[in-house]
file protein_17.cif (mmCIF, C-alpha atoms)
data_protein
loop_
_atom_site.group_PDB
_atom_site.id
_atom_site.type_symbol
_atom_site.label_atom_id
_atom_site.label_comp_id
_atom_site.auth_asym_id
_atom_site.auth_seq_id
_atom_site.Cartn_x
_atom_site.Cartn_y
_atom_site.Cartn_z
ATOM 1 C CA MET G 29 46.260 -2.305 -33.426
ATOM 2 C CA ASN G 30 49.641 -0.794 -32.482
ATOM 3 C CA VAL G 31 50.940 -0.461 -28.954
ATOM 4 C CA ARG G 32 50.288 3.271 -28.839
ATOM 5 C CA ASN G 33 46.582 2.924 -29.765
ATOM 6 C CA ALA G 34 46.118 0.079 -27.318
ATOM 7 C CA GLY G 35 47.584 2.240 -24.600
ATOM 8 C CA LEU G 36 45.241 5.108 -25.430
ATOM 9 C CA LEU G 37 42.215 2.791 -25.321
ATOM 10 C CA ALA G 38 43.286 1.394 -21.981
ATOM 11 C CA ALA G 39 43.810 4.858 -20.582
ATOM 12 C CA GLY G 40 40.366 5.904 -21.823
ATOM 13 C CA ALA G 41 38.757 2.919 -20.171
ATOM 14 C CA LEU G 42 40.446 3.730 -16.879
ATOM 15 C CA LEU G 43 39.273 7.341 -17.097
ATOM 16 C CA ALA G 44 35.683 6.199 -17.763
ATOM 17 C CA VAL G 45 35.745 3.895 -14.739
ATOM 18 C CA ALA G 46 37.204 6.638 -12.582
ATOM 19 C CA ALA G 47 34.572 9.120 -13.785
ATOM 20 C CA ALA G 48 31.620 6.842 -12.988
ATOM 21 C CA PRO G 49 31.687 7.425 -9.186
ATOM 22 C CA VAL G 50 32.071 11.158 -9.816
ATOM 23 C CA ARG G 51 28.960 11.200 -12.028
ATOM 24 C CA ALA G 52 27.041 9.135 -9.449
ATOM 25 C CA GLN G 53 27.981 11.574 -6.702
ATOM 26 C CA ALA G 54 26.938 14.480 -8.903
ATOM 27 C CA ASP G 55 23.550 12.884 -9.525
ATOM 28 C CA ALA G 56 22.799 13.051 -5.813
ATOM 29 C CA ALA G 57 24.678 16.261 -4.990
ATOM 30 C CA GLY G 58 22.542 18.441 -7.241
ATOM 31 C CA TYR G 59 19.249 16.720 -6.487
ATOM 32 C CA PRO G 60 16.648 18.070 -6.402
ATOM 33 C CA SER G 61 17.229 21.264 -8.341
ATOM 34 C CA LYS G 62 13.658 21.691 -9.579
ATOM 35 C CA PRO G 63 10.104 20.760 -8.439
ATOM 36 C CA VAL G 64 9.333 17.134 -7.710
ATOM 37 C CA ARG G 65 5.946 15.517 -8.249
ATOM 38 C CA ILE G 66 4.465 12.642 -6.269
ATOM 39 C CA ILE G 67 1.936 10.616 -8.244
ATOM 40 C CA VAL G 68 -0.982 9.303 -6.172
ATOM 41 C CA GLY G 69 -3.429 6.915 -7.813
ATOM 42 C CA PHE G 70 -6.396 7.995 -5.703
ATOM 43 C CA ALA G 71 -8.634 11.038 -5.370
ATOM 44 C CA PRO G 72 -7.979 13.940 -2.988
ATOM 45 C CA GLY G 73 -9.091 13.167 0.551
ATOM 46 C CA SER G 74 -8.307 9.448 0.405
ATOM 47 C CA SER G 75 -5.915 7.939 2.954
ATOM 48 C CA THR G 76 -3.293 7.615 0.218
ATOM 49 C CA ASP G 77 -3.685 11.261 -0.745
ATOM 50 C CA VAL G 78 -3.720 12.621 2.812
ATOM 51 C CA THR G 79 -0.560 10.790 3.836
ATOM 52 C CA ALA G 80 1.215 11.633 0.570
ATOM 53 C CA ARG G 81 0.594 15.327 1.230
ATOM 54 C CA ILE G 82 2.237 15.076 4.644
ATOM 55 C CA PHE G 83 5.351 13.707 2.964
ATOM 56 C CA ALA G 84 5.166 16.320 0.200
ATOM 57 C CA LEU G 85 5.109 19.168 2.714
ATOM 58 C CA LYS G 86 7.999 17.762 4.740
ATOM 59 C CA LEU G 87 10.157 16.943 1.717
ATOM 60 C CA ALA G 88 9.582 20.410 0.269
ATOM 61 C CA GLU G 89 10.862 21.891 3.533
ATOM 62 C CA MET G 90 13.979 19.697 3.407
ATOM 63 C CA TRP G 91 14.746 20.159 -0.272
ATOM 64 C CA GLY G 92 13.852 23.793 -0.763
ATOM 65 C CA VAL G 93 11.890 23.051 -3.936
ATOM 66 C CA GLY G 94 8.225 22.515 -4.637
ATOM 67 C CA VAL G 95 6.925 19.003 -4.048
ATOM 68 C CA THR G 96 3.428 18.520 -5.403
ATOM 69 C CA VAL G 97 0.918 15.696 -5.270
ATOM 70 C CA GLU G 98 -0.546 14.756 -8.635
ATOM 71 C CA ASN G 99 -3.792 12.834 -8.172
ATOM 72 C CA THR G 100 -4.398 10.315 -10.946
ATOM 73 C CA PRO G 101 -7.299 8.161 -9.725
ATOM 74 C CA GLY G 102 -8.705 5.135 -11.465
ATOM 75 C CA ALA G 103 -8.799 1.331 -11.427
ATOM 76 C CA GLY G 104 -7.585 0.882 -7.872
ATOM 77 C CA GLY G 105 -4.515 3.055 -8.267
ATOM 78 C CA THR G 106 -3.305 1.381 -11.462
ATOM 79 C CA VAL G 107 -3.823 4.448 -13.657
ATOM 80 C CA GLY G 108 -1.444 6.453 -11.492
ATOM 81 C CA ALA G 109 1.049 3.606 -11.308
ATOM 82 C CA ALA G 110 1.099 3.337 -15.097
ATOM 83 C CA ARG G 111 1.813 7.049 -15.409
ATOM 84 C CA ALA G 112 4.636 6.857 -12.877
ATOM 85 C CA ALA G 113 6.155 3.816 -14.599
ATOM 86 C CA LYS G 114 6.429 5.753 -17.879
ATOM 87 C CA ALA G 115 7.963 8.875 -16.307
ATOM 88 C CA ALA G 116 11.571 9.871 -16.883
ATOM 89 C CA PRO G 117 13.845 8.007 -14.431
ATOM 90 C CA ASP G 118 15.469 11.160 -13.119
ATOM 91 C CA GLY G 119 14.123 11.359 -9.567
ATOM 92 C CA TYR G 120 11.630 14.120 -10.316
ATOM 93 C CA THR G 121 8.664 11.756 -10.394
ATOM 94 C CA LEU G 122 7.979 9.678 -7.287
ATOM 95 C CA GLN G 123 5.283 7.019 -7.100
ATOM 96 C CA TYR G 124 3.450 6.969 -3.780
ATOM 97 C CA GLY G 125 1.716 3.657 -4.126
ATOM 98 C CA ALA G 126 -0.826 1.690 -2.163
ATOM 99 C CA ASN G 127 -0.281 -2.046 -2.151
ATOM 100 C CA GLY G 128 -3.352 -2.829 -4.235
ATOM 101 C CA ALA G 129 -1.797 -1.458 -7.414
ATOM 102 C CA MET G 130 1.527 -3.145 -6.735
ATOM 103 C CA THR G 131 0.583 -6.579 -5.385
ATOM 104 C CA ILE G 132 -3.098 -7.302 -6.120
ATOM 105 C CA ALA G 133 -3.592 -5.722 -9.551
ATOM 106 C CA PRO G 134 -0.972 -7.919 -11.288
ATOM 107 C CA SER G 135 -3.227 -10.959 -10.726
ATOM 108 C CA LEU G 136 -6.561 -9.161 -10.978
ATOM 109 C CA PHE G 137 -6.162 -7.359 -14.305
ATOM 110 C CA THR G 138 -5.233 -9.162 -17.503
ATOM 111 C CA LYS G 139 -3.762 -6.071 -19.177
ATOM 112 C CA LEU G 140 -1.818 -3.740 -16.911
ATOM 113 C CA GLN G 141 0.152 -0.900 -18.444
ATOM 114 C CA TYR G 142 3.131 -1.609 -16.184
ATOM 115 C CA ASP G 143 5.002 -4.430 -14.490
ATOM 116 C CA ALA G 144 5.079 -3.934 -10.729
ATOM 117 C CA VAL G 145 8.498 -5.561 -10.376
ATOM 118 C CA ARG G 146 10.246 -4.656 -13.628
ATOM 119 C CA ASP G 147 9.138 -1.027 -14.017
ATOM 120 C CA PHE G 148 9.811 0.316 -10.518
ATOM 121 C CA ALA G 149 12.781 0.711 -8.217
ATOM 122 C CA PRO G 150 11.604 0.380 -4.600
ATOM 123 C CA VAL G 151 12.497 3.131 -2.142
ATOM 124 C CA SER G 152 10.702 2.299 1.115
ATOM 125 C CA GLN G 153 7.504 0.916 2.560
ATOM 126 C CA VAL G 154 6.578 3.794 4.835
ATOM 127 C CA LEU G 155 3.194 3.189 6.445
ATOM 128 C CA LEU G 156 0.915 0.286 7.210
ATOM 129 C CA MET G 157 -2.777 0.284 8.076
ATOM 130 C CA GLY G 158 -4.707 -2.710 9.258
ATOM 131 C CA SER G 159 -8.448 -3.142 8.890
ATOM 132 C CA ILE G 160 -11.179 -3.891 11.381
ATOM 133 C CA LEU G 161 -13.706 -6.647 10.846
ATOM 134 C CA ALA G 162 -16.909 -5.216 12.293
ATOM 135 C CA VAL G 163 -20.572 -6.154 12.417
ATOM 136 C CA HIS G 164 -23.891 -4.379 12.804
ATOM 137 C CA ASN G 165 -25.048 -4.331 16.414
ATOM 138 C CA SER G 166 -28.074 -6.466 15.542
ATOM 139 C CA LEU G 167 -25.882 -9.403 14.543
ATOM 140 C CA PRO G 168 -25.716 -11.705 17.603
ATOM 141 C CA VAL G 169 -21.944 -12.209 17.618
ATOM 142 C CA LYS G 170 -19.122 -10.759 19.703
ATOM 143 C CA SER G 171 -16.119 -12.769 18.565
ATOM 144 C CA MET G 172 -14.614 -14.326 15.469
ATOM 145 C CA LYS G 173 -15.616 -17.764 16.702
ATOM 146 C CA GLU G 174 -19.248 -16.715 17.055
ATOM 147 C CA LEU G 175 -19.286 -14.956 13.679
ATOM 148 C CA LEU G 176 -17.932 -17.983 11.847
ATOM 149 C CA ALA G 177 -20.332 -20.308 13.676
ATOM 150 C CA LEU G 178 -23.236 -18.134 12.526
ATOM 151 C CA ALA G 179 -21.915 -18.077 8.954
ATOM 152 C CA ARG G 180 -21.647 -21.860 8.909
ATOM 153 C CA ALA G 181 -25.193 -22.185 10.245
ATOM 154 C CA ARG G 182 -26.487 -19.803 7.559
ATOM 155 C CA PRO G 183 -24.373 -20.462 4.436
ATOM 156 C CA GLY G 184 -24.788 -17.810 1.758
ATOM 157 C CA GLU G 185 -27.227 -15.764 3.829
ATOM 158 C CA LEU G 186 -24.775 -13.305 5.357
ATOM 159 C CA SER G 187 -23.010 -10.592 3.366
ATOM 160 C CA TYR G 188 -20.034 -8.316 3.875
ATOM 161 C CA ALA G 189 -19.230 -4.908 2.452
ATOM 162 C CA SER G 190 -15.842 -3.876 1.102
ATOM 163 C CA PRO G 191 -14.549 -0.602 -0.393
ATOM 164 C CA GLY G 192 -14.530 -2.291 -3.796
ATOM 165 C CA THR G 193 -13.422 -5.254 -5.873
ATOM 166 C CA GLY G 194 -9.688 -5.875 -5.644
ATOM 167 C CA THR G 195 -9.131 -3.763 -2.559
ATOM 168 C CA PRO G 196 -6.997 -5.229 0.243
ATOM 169 C CA GLN G 197 -10.180 -5.545 2.318
ATOM 170 C CA HIS G 198 -11.969 -7.550 -0.370
ATOM 171 C CA ILE G 199 -9.053 -9.882 -1.058
ATOM 172 C CA GLY G 200 -8.304 -10.194 2.659
ATOM 173 C CA PHE G 201 -11.860 -11.208 3.493
ATOM 174 C CA GLU G 202 -11.816 -13.740 0.666
ATOM 175 C CA LEU G 203 -8.675 -15.251 2.199
ATOM 176 C CA LEU G 204 -10.507 -15.511 5.526
ATOM 177 C CA LYS G 205 -13.432 -17.254 3.809
ATOM 178 C CA ILE G 206 -11.075 -19.778 2.238
ATOM 179 C CA LEU G 207 -9.297 -20.504 5.510
ATOM 180 C CA ALA G 208 -12.520 -20.678 7.554
ATOM 181 C CA HIS G 209 -14.546 -22.583 4.929
ATOM 182 C CA VAL G 210 -17.499 -20.195 5.094
ATOM 183 C CA ASP G 211 -19.834 -18.768 2.457
ATOM 184 C CA ILE G 212 -20.403 -15.036 2.964
ATOM 185 C CA THR G 213 -21.480 -12.910 -0.013
ATOM 186 C CA HIS G 214 -19.262 -10.032 -1.104
ATOM 187 C CA VAL G 215 -20.948 -6.661 -1.714
ATOM 188 C CA PRO G 216 -18.488 -4.171 -3.250
ATOM 189 C CA TYR G 217 -19.007 -0.430 -2.876
ATOM 190 C CA LYS G 218 -17.514 2.711 -4.316
ATOM 191 C CA GLY G 219 -19.218 4.927 -1.788
ATOM 192 C CA ALA G 220 -21.936 5.073 0.871
ATOM 193 C CA ILE G 221 -20.689 1.830 2.353
ATOM 194 C CA PHE G 222 -21.541 2.826 5.895
ATOM 195 C CA THR G 223 -25.104 3.730 4.982
ATOM 196 C CA ASP G 224 -25.901 0.090 4.281
ATOM 197 C CA VAL G 225 -23.655 -1.295 7.014
ATOM 198 C CA LEU G 226 -25.037 1.066 9.650
ATOM 199 C CA GLY G 227 -28.545 0.219 8.486
ATOM 200 C CA GLY G 228 -27.875 -3.494 8.870
ATOM 201 C CA ARG G 229 -28.652 -4.278 5.241
ATOM 202 C CA VAL G 230 -25.093 -5.561 4.847
ATOM 203 C CA PRO G 231 -24.273 -6.605 8.409
ATOM 204 C CA ILE G 232 -20.523 -7.298 8.122
ATOM 205 C CA THR G 233 -17.629 -5.211 6.845
ATOM 206 C CA LEU G 234 -13.855 -5.107 6.693
ATOM 207 C CA GLN G 235 -12.642 -1.526 6.593
ATOM 208 C CA ASN G 236 -9.320 0.145 7.227
ATOM 209 C CA PHE G 237 -8.732 1.775 10.588
ATOM 210 C CA GLY G 238 -8.897 5.325 9.287
ATOM 211 C CA ALA G 239 -12.343 4.818 7.771
ATOM 212 C CA ILE G 240 -14.043 2.784 10.487
ATOM 213 C CA LEU G 241 -12.428 3.628 13.825
ATOM 214 C CA PRO G 242 -14.640 6.657 14.644
ATOM 215 C CA THR G 243 -17.770 4.580 13.977
ATOM 216 C CA ILE G 244 -16.485 1.821 16.257
ATOM 217 C CA ARG G 245 -15.678 4.269 19.026
ATOM 218 C CA ASP G 246 -19.143 5.808 18.735
ATOM 219 C CA GLY G 247 -20.655 2.364 19.312
ATOM 220 C CA LYS G 248 -22.433 2.296 15.960
ATOM 221 C CA LEU G 249 -20.691 -0.927 14.901
ATOM 222 C CA ARG G 250 -19.154 -3.760 16.913
ATOM 223 C CA ALA G 251 -15.494 -4.577 16.294
ATOM 224 C CA ILE G 252 -14.736 -8.291 16.091
ATOM 225 C CA ALA G 253 -11.062 -8.485 15.115
ATOM 226 C CA GLN G 254 -8.277 -6.624 13.334
ATOM 227 C CA SER G 255 -6.467 -7.826 10.233
ATOM 228 C CA SER G 256 -2.879 -6.853 10.989
ATOM 229 C CA LEU G 257 -0.441 -9.460 12.257
ATOM 230 C CA LYS G 258 0.055 -7.543 15.490
ATOM 231 C CA ARG G 259 -2.445 -5.472 17.440
ATOM 232 C CA SER G 260 -2.485 -1.827 16.471
ATOM 233 C CA PRO G 261 -1.721 0.750 19.169
ATOM 234 C CA SER G 262 -4.998 2.385 18.115
ATOM 235 C CA MET G 263 -6.965 -0.620 19.445
ATOM 236 C CA PRO G 264 -4.654 -2.653 21.691
ATOM 237 C CA ASP G 265 -7.521 -4.626 23.274
ATOM 238 C CA LEU G 266 -8.990 -5.873 19.998
ATOM 239 C CA PRO G 267 -7.656 -9.338 19.051
ATOM 240 C CA THR G 268 -6.223 -9.993 15.625
ATOM 241 C CA ILE G 269 -7.650 -12.512 13.185
ATOM 242 C CA ALA G 270 -4.344 -14.333 13.572
ATOM 243 C CA GLU G 271 -5.001 -14.675 17.298
ATOM 244 C CA SER G 272 -8.553 -15.831 16.632
ATOM 245 C CA GLY G 273 -7.729 -19.185 15.117
ATOM 246 C CA PHE G 274 -5.807 -18.238 11.957
ATOM 247 C CA PRO G 275 -2.093 -18.035 12.795
ATOM 248 C CA GLY G 276 -0.096 -15.859 10.429
ATOM 249 C CA PHE G 277 -3.166 -14.177 8.931
ATOM 250 C CA GLU G 278 -2.404 -10.679 7.705
ATOM 251 C CA ALA G 279 -4.347 -8.483 5.291
ATOM 252 C CA VAL G 280 -3.314 -4.858 5.486
ATOM 253 C CA SER G 281 -3.043 -1.751 3.387
ATOM 254 C CA TRP G 282 0.400 -0.255 3.028
ATOM 255 C CA PHE G 283 1.928 2.748 1.359
ATOM 256 C CA SER G 284 5.345 2.981 -0.245
ATOM 257 C CA PHE G 285 7.609 5.210 -2.281
ATOM 258 C CA LEU G 286 8.939 3.935 -5.589
ATOM 259 C CA VAL G 287 10.634 5.506 -8.595
ATOM 260 C CA PRO G 288 10.804 4.471 -12.250
ATOM 261 C CA THR G 289 13.408 1.802 -12.965
ATOM 262 C CA GLY G 290 16.646 3.390 -14.138
ATOM 263 C CA THR G 291 16.595 6.216 -11.608
ATOM 264 C CA PRO G 292 20.227 6.730 -10.506
ATOM 265 C CA ALA G 293 21.056 4.785 -7.340
ATOM 266 C CA PRO G 294 22.412 7.870 -5.495
ATOM 267 C CA ILE G 295 19.071 9.619 -5.999
ATOM 268 C CA VAL G 296 17.167 6.546 -4.792
ATOM 269 C CA LYS G 297 19.418 6.551 -1.728
ATOM 270 C CA LYS G 298 18.791 10.248 -1.038
ATOM 271 C CA VAL G 299 15.021 9.925 -1.382
ATOM 272 C CA HIS G 300 15.135 6.902 0.919
ATOM 273 C CA GLN G 301 17.159 8.737 3.550
ATOM 274 C CA ASP G 302 14.932 11.811 3.459
ATOM 275 C CA VAL G 303 11.698 9.806 3.561
ATOM 276 C CA LEU G 304 13.036 8.117 6.706
ATOM 277 C CA ARG G 305 13.850 11.548 8.128
ATOM 278 C CA VAL G 306 10.189 12.508 7.670
ATOM 279 C CA LEU G 307 9.130 9.341 9.489
ATOM 280 C CA GLY G 308 11.425 10.307 12.335
ATOM 281 C CA GLN G 309 9.838 13.710 12.918
ATOM 282 C CA ALA G 310 7.582 13.812 15.962
ATOM 283 C CA ASP G 311 4.803 15.894 14.377
ATOM 284 C CA ALA G 312 4.621 13.681 11.302
ATOM 285 C CA ARG G 313 4.621 10.527 13.435
ATOM 286 C CA GLY G 314 1.837 11.977 15.564
ATOM 287 C CA ARG G 315 -0.274 12.763 12.525
ATOM 288 C CA PHE G 316 0.200 9.292 11.059
ATOM 289 C CA THR G 317 -0.758 7.713 14.383
ATOM 290 C CA GLU G 318 -3.898 9.848 14.562
ATOM 291 C CA LEU G 319 -4.874 8.444 11.168
ATOM 292 C CA GLY G 320 -4.574 4.892 12.488
ATOM 293 C CA LEU G 321 -1.321 4.114 10.679
ATOM 294 C CA ASP G 322 1.678 2.133 11.831
ATOM 295 C CA ILE G 323 5.072 3.539 10.843
ATOM 296 C CA VAL G 324 7.456 1.243 8.955
ATOM 297 C CA GLY G 325 10.337 2.804 7.013
ATOM 298 C CA ASN G 326 12.249 -0.171 5.629
ATOM 299 C CA SER G 327 14.978 -0.551 2.994
ATOM 300 C CA PRO G 328 14.580 -0.760 -0.794
ATOM 301 C CA ALA G 329 15.590 -4.426 -0.670
ATOM 302 C CA GLU G 330 13.007 -5.182 2.013
ATOM 303 C CA LEU G 331 10.251 -3.469 0.039
ATOM 304 C CA ALA G 332 11.247 -5.380 -3.100
ATOM 305 C CA ALA G 333 10.959 -8.662 -1.196
ATOM 306 C CA ILE G 334 7.536 -7.705 0.207
ATOM 307 C CA ILE G 335 6.198 -6.827 -3.241
ATOM 308 C CA LYS G 336 7.281 -10.161 -4.716
ATOM 309 C CA GLN G 337 5.980 -12.095 -1.714
ATOM 310 C CA ASP G 338 2.603 -10.332 -1.723
ATOM 311 C CA ILE G 339 2.127 -10.736 -5.483
ATOM 312 C CA ALA G 340 2.441 -14.492 -5.000
ATOM 313 C CA LYS G 341 0.251 -14.537 -1.867
ATOM 314 C CA TRP G 342 -2.642 -12.516 -3.256
ATOM 315 C CA GLY G 343 -2.367 -14.092 -6.697
ATOM 316 C CA LYS G 344 -3.142 -17.468 -5.143
ATOM 317 C CA VAL G 345 -6.146 -16.065 -3.248
ATOM 318 C CA ILE G 346 -7.489 -14.427 -6.409
ATOM 319 C CA ARG G 347 -7.174 -17.678 -8.354
ATOM 320 C CA ASP G 348 -8.573 -19.885 -5.575
ATOM 321 C CA ALA G 349 -11.547 -17.558 -5.008
ATOM 322 C CA GLY G 350 -12.187 -17.081 -8.730
ATOM 323 C CA ILE G 351 -12.037 -13.291 -8.409
ATOM 324 C CA THR G 352 -12.063 -11.096 -11.508
ATOM 325 C CA ALA G 353 -11.964 -7.346 -11.874
ATOM 326 C CA THR G 354 -15.746 -7.323 -12.339
ATOM 327 C CA ASN G 355 -16.992 -9.299 -9.340
#

call {"tool": "encode", "arguments": {"input": "protein_17.cif", "output": "structure tokens"}}
result
Amino acid sequence: MNVRNAGLLAAGALLAVAAAPVRAQADAAGYPSKPVRIIVGFAPGSSTDVTARIFALKLAEMWGVGVTVENTPGAGGTVGAARAAKAAPDGYTLQYGANGAMTIAPSLFTKLQYDAVRDFAPVSQVLLMGSILAVHNSLPVKSMKELLALARARPGELSYASPGTGTPQHIGFELLKILAHVDITHVPYKGAIFTDVLGGRVPITLQNFGAILPTIRDGKLRAIAQSSLKRSPSMPDLPTIAESGFPGFEAVSWFSFLVPTGTPAPIVKKVHQDVLRVLGQADARGRFTELGLDIVGNSPAELAAIIKQDIAKWGKVIRDAGITATN
């Protein structure tokens, strides 16, 4: 290679390096220039869907383009997650995921169509919802201590209802059983859960705040404890399971924004900033609070750490409890 050609190659390399920041800035500057879709792995009317639509409306107002929610229900949110993982990494497909698909499914299903860590770039964990452990009024217990004492006196006789196998409520209750050394039978539901719980046929349940709080306030069920690490503002007088003899216990549902891996970093940054702007708006915050949700809004790095930590945590519970996708 002669000196002249070497000089040309060097100059070209310098131009390429100099152009990279310009291209990165352009990626964010023109975004979004067309409609954006938010994939939700649950049916319309679910907590995931309702909260996603609040974000969609607010982001559409900010961006001046259509932002639509695409419901893709199935297998605990994993069908939607798989679709999002395979989407073009251009910022025009956002995954609004519940934690079940991201942190429980990897250990529950033997063949997922995506890798929760490899196939997604985290944006932000936005909302968190604890659950309430409640009992039918006929059950003679008013505290966690009394409930566990009854369960130990009647091993295998009591049962609890969850929204389904592999849900945060199911896996969370199984963790409680392991820690408390009790035998309480799991009864999974896909619907009509409160019919049996209200009738006393399945006298115990762990349900998220949004689903169960009205029933608690009407006095139809008795709240025993809440599953979040800290007491929710929605029920500040109800002790947590962590306070009731199980320090550090936490089993919550959370929602987050992610994008397919390979999405340009400037676009990830813009979506992150604008999602946080939504969380900062008083009307949106008020609506989320009404739904029994706690507002988070963390960084991509923090969400990435939570996903990895929770995959390990719930994977151990699933293995220790012998849980499969069918039980």

call {"tool": "residues_around", "arguments": {"input": "protein_17.cif", "residues": "Pro242 (chain G)", "least_positions_apart": "3", "cutoff": "12 Å", "atoms": "all atoms listed in the file", "output": "PyMOL selection string"}}
result
chain G and resi 160+222+235-239+245-251+262-263+318-320

call {"tool": "closest_residue", "arguments": {"input": "protein_17.cif", "among": "G:Ala80, G:Ala113, G:Val68, G:Ile269", "to": "Val287 (chain G)", "atoms": "all atoms listed in the file"}}
result
G:Ala113

call {"tool": "atom_distance", "arguments": {"input": "protein_17.cif", "atom1": "CA of Gly343 (chain G)", "atom2": "CA of Ala110 (chain G)"}}
result
19.7 Å

call {"tool": "closest_residue", "arguments": {"input": "protein_17.cif", "among": "G:Thr106, G:Ala333, G:Ser260, G:Pro288", "to": "Leu136 (chain G)", "atoms": "all atoms listed in the file"}}
result
G:Thr106

call {"tool": "closest_residue", "arguments": {"input": "protein_17.cif", "among": "G:Phe285, G:Val78, G:Val145, G:Ala71", "to": "Lys297 (chain G)", "atoms": "only C-alpha atoms"}}
result
G:Phe285

call {"tool": "atom_distance", "arguments": {"input": "protein_17.cif", "atom1": "CA of Ala293 (chain G)", "atom2": "CA of Thr96 (chain G)"}}
result
22.4 Å

call {"tool": "closest_residue", "arguments": {"input": "protein_17.cif", "among": "G:Phe137, G:Tyr217, G:Phe283, G:Trp342", "to": "Asp77 (chain G)", "atoms": "all atoms listed in the file"}}
result
G:Phe283

call {"tool": "residues_around", "arguments": {"input": "protein_17.cif", "residues": "Ala129 (chain G)", "least_positions_apart": "2", "cutoff": "8 Å", "atoms": "only C-alpha atoms", "output": "list in words"}}
result
Gly104, Gly105, Thr106, Ala109, Gly125, Ala126, Asn127, Thr131, Ile132, Ala133 and Pro134 of chain G

call {"tool": "residues_around", "arguments": {"input": "protein_17.cif", "residues": "region 205-209 of chain G", "least_positions_apart": "4", "cutoff": "10 Å", "atoms": "all atoms listed in the file", "output": "list in words"}}
result
Leu176, Ala177, Ala179, Arg180, Ile199, Gly200, Phe201, Thr213, Gly273, Phe274, Phe277, Val345, Asp348 and Ala349 of chain G

call {"tool": "residues_around", "arguments": {"input": "protein_17.cif", "residues": "Gly158 (chain G)", "least_positions_apart": "2", "cutoff": "10 Å", "atoms": "only C-alpha atoms", "output": "ChimeraX atom specification"}}
result
/G:156,160-161,196-197,234-238,254-260,268,278-282,320-322

call {"tool": "resolve_selection", "arguments": {"input": "protein_17.cif", "expression": "the PyMOL selection byres ((chain G and resi 211) around 6)", "output": "NGL selection string"}}
result
:G and (183-184 or 210 or 212)

call {"tool": "atom_distance", "arguments": {"input": "protein_17.cif", "atom1": "CA of Met130 (chain G)", "atom2": "CA of Arg313 (chain G)"}}
result
24.6 Å

call {"tool": "decode", "arguments": {"input": "protein_17.cif", "residues": "region 164-198 of chain G", "atoms": "C-alpha atoms", "output": "PDB file, in the first residue's frame"}}
result
ATOM      1  CA  HIS G 164     -63.216 -15.251  53.234  1.00  0.00           C
ATOM      2  CA  ASN G 165     -64.946 -13.766  56.263  1.00  0.00           C
ATOM      3  CA  SER G 166     -65.811 -17.239  57.554  1.00  0.00           C
ATOM      4  CA  LEU G 167     -62.147 -18.129  58.009  1.00  0.00           C
ATOM      5  CA  PRO G 168     -61.332 -17.464  61.695  1.00  0.00           C
ATOM      6  CA  VAL G 169     -58.127 -15.493  61.127  1.00  0.00           C
ATOM      7  CA  LYS G 170     -57.282 -11.793  61.226  1.00  0.00           C
ATOM      8  CA  SER G 171     -53.514 -11.782  60.838  1.00  0.00           C
ATOM      9  CA  MET G 172     -50.732 -13.575  59.016  1.00  0.00           C
ATOM     10  CA  LYS G 173     -49.732 -15.307  62.233  1.00  0.00           C
ATOM     11  CA  GLU G 174     -53.236 -16.680  62.730  1.00  0.00           C
ATOM     12  CA  LEU G 175     -53.558 -17.751  59.090  1.00  0.00           C
ATOM     13  CA  LEU G 176     -50.299 -19.683  59.149  1.00  0.00           C
ATOM     14  CA  ALA G 177     -51.174 -21.283  62.493  1.00  0.00           C
ATOM     15  CA  LEU G 178     -54.452 -22.506  60.995  1.00  0.00           C
ATOM     16  CA  ALA G 179     -52.666 -23.814  57.896  1.00  0.00           C
ATOM     17  CA  ARG G 180     -50.195 -25.738  60.033  1.00  0.00           C
ATOM     18  CA  ALA G 181     -53.035 -27.224  62.082  1.00  0.00           C
ATOM     19  CA  ARG G 182     -54.850 -28.292  58.899  1.00  0.00           C
ATOM     20  CA  PRO G 183     -52.129 -29.252  56.385  1.00  0.00           C
ATOM     21  CA  GLY G 184     -53.429 -29.646  52.845  1.00  0.00           C
ATOM     22  CA  GLU G 185     -56.993 -28.750  53.803  1.00  0.00           C
ATOM     23  CA  LEU G 186     -56.910 -25.052  52.961  1.00  0.00           C
ATOM     24  CA  SER G 187     -56.720 -23.713  49.409  1.00  0.00           C
ATOM     25  CA  TYR G 188     -55.895 -20.409  47.767  1.00  0.00           C
ATOM     26  CA  ALA G 189     -56.988 -18.925  44.466  1.00  0.00           C
ATOM     27  CA  SER G 190     -54.688 -17.157  42.027  1.00  0.00           C
ATOM     28  CA  PRO G 191     -55.307 -15.498  38.636  1.00  0.00           C
ATOM     29  CA  GLY G 192     -53.523 -18.428  37.001  1.00  0.00           C
ATOM     30  CA  THR G 193     -50.438 -20.616  36.891  1.00  0.00           C
ATOM     31  CA  GLY G 194     -47.240 -18.603  36.567  1.00  0.00           C
ATOM     32  CA  THR G 195     -48.759 -15.292  37.573  1.00  0.00           C
ATOM     33  CA  PRO G 196     -46.869 -13.159  40.109  1.00  0.00           C
ATOM     34  CA  GLN G 197     -49.599 -13.986  42.638  1.00  0.00           C
ATOM     35  CA  HIS G 198     -49.182 -17.733  42.161  1.00  0.00           C
TER      36      HIS G 198
END
